[in-house]
Amino acid sequence: MNMQSAYIYLVEGSTVTQATLADVKSTLQHYMETTKKTGQQLGWTYSDVAFPYQLEEKHDGTNAWLLLRGKDPKSYKYIIIGVGSKEENGKEVHYIQVTLPEAGTQGDYNKANEYCRFIAREYKGELHLFNNRVQYFQPRKP
């Protein structure tokens, strides 16, 4: 598997116009809390299955990103999450980028898609998936 990226664009109709790395980390922590509560209701450790990663913040001087390091390296290795912006039609568009390194597993790919959808739903963003398909979570005019 080559390095692949999915993007969540914060567009008109999104809950925010710009997200920081701390915002994304908070959203992932909300996801972990939700799955933990679901597991308690079901009577099993669903959160370990729903989020099989350790959440780490990384910095290299100029850039910062979130590294999700798999707890079981056979099934899950890494997912990298960052934030950025680009110029599009004279406007600055902010996005959240989710990247799968080349060493990623099929489990990483599936979990990355799941987390992308969750984050996009939370921010009401426009999700451009790894397979180039687009899902719209922002309210759109009919």
# chains A, B, ... in the order shown; residues from 1 in each chain; ligands from 1
>>> residues_around(residues="Tyr76 (chain A)", least_positions_apart="3", cutoff="6 Å", atoms="only C-alpha atoms", output="mmCIF file with C-alpha atoms, in the first residue's frame")
data_model
loop_
_atom_site.group_PDB
_atom_site.id
_atom_site.type_symbol
_atom_site.label_atom_id
_atom_site.label_comp_id
_atom_site.auth_asym_id
_atom_site.auth_seq_id
_atom_site.Cartn_x
_atom_site.Cartn_y
_atom_site.Cartn_z
ATOM 1 C CA GLY A 70 -1.115 0.667 17.003
ATOM 2 C CA ASP A 72 -1.015 -4.582 18.291
ATOM 3 C CA PRO A 73 1.595 -4.103 15.507
ATOM 4 C CA GLY A 107 -6.872 -2.547 9.703
ATOM 5 C CA ASP A 108 -5.285 0.922 9.653
#
>>> select_by_dssp(residues="chain A", states="helix (DSSP H, G or I)", output="ChimeraX atom specification")
/A:21-42,46-50,106-123
>>> atom_distance(atom1="CA of Thr35 (chain A)", atom2="CA of Val98 (chain A)")
20.4 Å
>>> atom_distance(atom1="CA of Gln54 (chain A)", atom2="CA of Leu68 (chain A)")
5.5 Å
>>> residues_around(residues="region 56-61 of chain A", least_positions_apart="5", cutoff="12 Å", atoms="only C-alpha atoms", output="list in words")
Leu21, Ala22, Val24, Lys25, Leu28, Gln29, Leu66, Leu67, Leu68, Arg69, Gly70, Tyr78, Ile79, Ile80, Ile81 and Gly82 of chain A
>>> write_last_selection(atoms="N, CA, C and O atoms", output="PDB file, in the first residue's frame")
ATOM      1  N   LEU A  21      -4.749  21.339  15.900  1.00  0.00           N
ATOM      2  CA  LEU A  21      -4.408  19.977  16.265  1.00  0.00           C
ATOM      3  C   LEU A  21      -5.022  19.605  17.611  1.00  0.00           C
ATOM      4  O   LEU A  21      -5.472  18.473  17.812  1.00  0.00           O
ATOM      5  N   ALA A  22      -5.083  20.568  18.515  1.00  0.00           N
ATOM      6  CA  ALA A  22      -5.706  20.337  19.825  1.00  0.00           C
ATOM      7  C   ALA A  22      -7.199  20.035  19.665  1.00  0.00           C
ATOM      8  O   ALA A  22      -7.754  19.191  20.389  1.00  0.00           O
ATOM      9  N   VAL A  24      -8.620  18.592  17.040  1.00  0.00           N
ATOM     10  CA  VAL A  24      -8.729  17.241  16.486  1.00  0.00           C
ATOM     11  C   VAL A  24      -8.447  16.210  17.577  1.00  0.00           C
ATOM     12  O   VAL A  24      -9.146  15.200  17.685  1.00  0.00           O
ATOM     13  N   LYS A  25      -7.453  16.477  18.407  1.00  0.00           N
ATOM     14  CA  LYS A  25      -7.140  15.568  19.519  1.00  0.00           C
ATOM     15  C   LYS A  25      -8.334  15.463  20.460  1.00  0.00           C
ATOM     16  O   LYS A  25      -8.692  14.375  20.904  1.00  0.00           O
ATOM     17  N   LEU A  28     -10.955  13.246  18.899  1.00  0.00           N
ATOM     18  CA  LEU A  28     -10.596  11.829  19.020  1.00  0.00           C
ATOM     19  C   LEU A  28     -10.797  11.332  20.452  1.00  0.00           C
ATOM     20  O   LEU A  28     -11.230  10.198  20.673  1.00  0.00           O
ATOM     21  N   GLN A  29     -10.508  12.183  21.430  1.00  0.00           N
ATOM     22  CA  GLN A  29     -10.740  11.802  22.825  1.00  0.00           C
ATOM     23  C   GLN A  29     -12.235  11.648  23.096  1.00  0.00           C
ATOM     24  O   GLN A  29     -12.645  10.765  23.853  1.00  0.00           O
ATOM     25  N   LEU A  66      -0.499  14.461  14.910  1.00  0.00           N
ATOM     26  CA  LEU A  66      -0.892  13.403  15.836  1.00  0.00           C
ATOM     27  C   LEU A  66      -0.484  12.077  15.221  1.00  0.00           C
ATOM     28  O   LEU A  66      -0.725  11.831  14.040  1.00  0.00           O
ATOM     29  N   LEU A  67       0.126  11.239  16.026  1.00  0.00           N
ATOM     30  CA  LEU A  67       0.504   9.906  15.580  1.00  0.00           C
ATOM     31  C   LEU A  67      -0.309   8.905  16.372  1.00  0.00           C
ATOM     32  O   LEU A  67      -0.284   8.911  17.604  1.00  0.00           O
ATOM     33  N   LEU A  68      -1.068   8.099  15.659  1.00  0.00           N
ATOM     34  CA  LEU A  68      -1.797   7.016  16.294  1.00  0.00           C
ATOM     35  C   LEU A  68      -0.957   5.762  16.081  1.00  0.00           C
ATOM     36  O   LEU A  68      -0.825   5.281  14.963  1.00  0.00           O
ATOM     37  N   ARG A  69      -0.364   5.267  17.150  1.00  0.00           N
ATOM     38  CA  ARG A  69       0.517   4.099  17.090  1.00  0.00           C
ATOM     39  C   ARG A  69      -0.277   2.883  17.557  1.00  0.00           C
ATOM     40  O   ARG A  69      -0.828   2.866  18.657  1.00  0.00           O
ATOM     41  N   GLY A  70      -0.343   1.862  16.699  1.00  0.00           N
ATOM     42  CA  GLY A  70      -1.115   0.667  17.003  1.00  0.00           C
ATOM     43  C   GLY A  70      -0.613  -0.068  18.235  1.00  0.00           C
ATOM     44  O   GLY A  70       0.586  -0.215  18.430  1.00  0.00           O
ATOM     45  N   TYR A  78       0.223   2.443  12.099  1.00  0.00           N
ATOM     46  CA  TYR A  78       0.226   3.897  12.282  1.00  0.00           C
ATOM     47  C   TYR A  78      -0.875   4.573  11.474  1.00  0.00           C
ATOM     48  O   TYR A  78      -1.221   4.125  10.392  1.00  0.00           O
ATOM     49  N   ILE A  79      -1.346   5.685  12.011  1.00  0.00           N
ATOM     50  CA  ILE A  79      -2.152   6.653  11.278  1.00  0.00           C
ATOM     51  C   ILE A  79      -1.617   8.016  11.693  1.00  0.00           C
ATOM     52  O   ILE A  79      -1.355   8.250  12.874  1.00  0.00           O
ATOM     53  N   ILE A  80      -1.437   8.909  10.741  1.00  0.00           N
ATOM     54  CA  ILE A  80      -0.914  10.250  11.018  1.00  0.00           C
ATOM     55  C   ILE A  80      -2.014  11.261  10.704  1.00  0.00           C
ATOM     56  O   ILE A  80      -2.645  11.189   9.645  1.00  0.00           O
ATOM     57  N   ILE A  81      -2.222  12.207  11.616  1.00  0.00           N
ATOM     58  CA  ILE A  81      -3.260  13.225  11.426  1.00  0.00           C
ATOM     59  C   ILE A  81      -2.639  14.601  11.611  1.00  0.00           C
ATOM     60  O   ILE A  81      -1.935  14.849  12.591  1.00  0.00           O
ATOM     61  N   GLY A  82      -2.904  15.494  10.656  1.00  0.00           N
ATOM     62  CA  GLY A  82      -2.407  16.864  10.732  1.00  0.00           C
ATOM     63  C   GLY A  82      -3.461  17.840  10.264  1.00  0.00           C
ATOM     64  O   GLY A  82      -4.523  17.446   9.771  1.00  0.00           O
TER      65      GLY A  82
END
>>> atom_distance(atom1="CA of Glu102 (chain A)", atom2="CA of Ser75 (chain A)")
14.3 Å
>>> residues_around(residues="Gly84 (chain A)", least_positions_apart="5", cutoff="8 Å", atoms="only C-alpha atoms", output="list in words")
His94, Tyr95, Ile96 and Gln97 of chain A
>>> write_last_selection(atoms="C-alpha atoms", output="compact mmCIF listing (two decimals), in the first residue's frame")
# COMPACT_ATOMS: atom_id res chain seq x y z
CA HIS A 94 -8.63 24.76 6.07
CA TYR A 95 -8.48 21.00 6.26
CA ILE A 96 -7.65 18.02 8.43
CA GLN A 97 -5.40 15.48 6.72
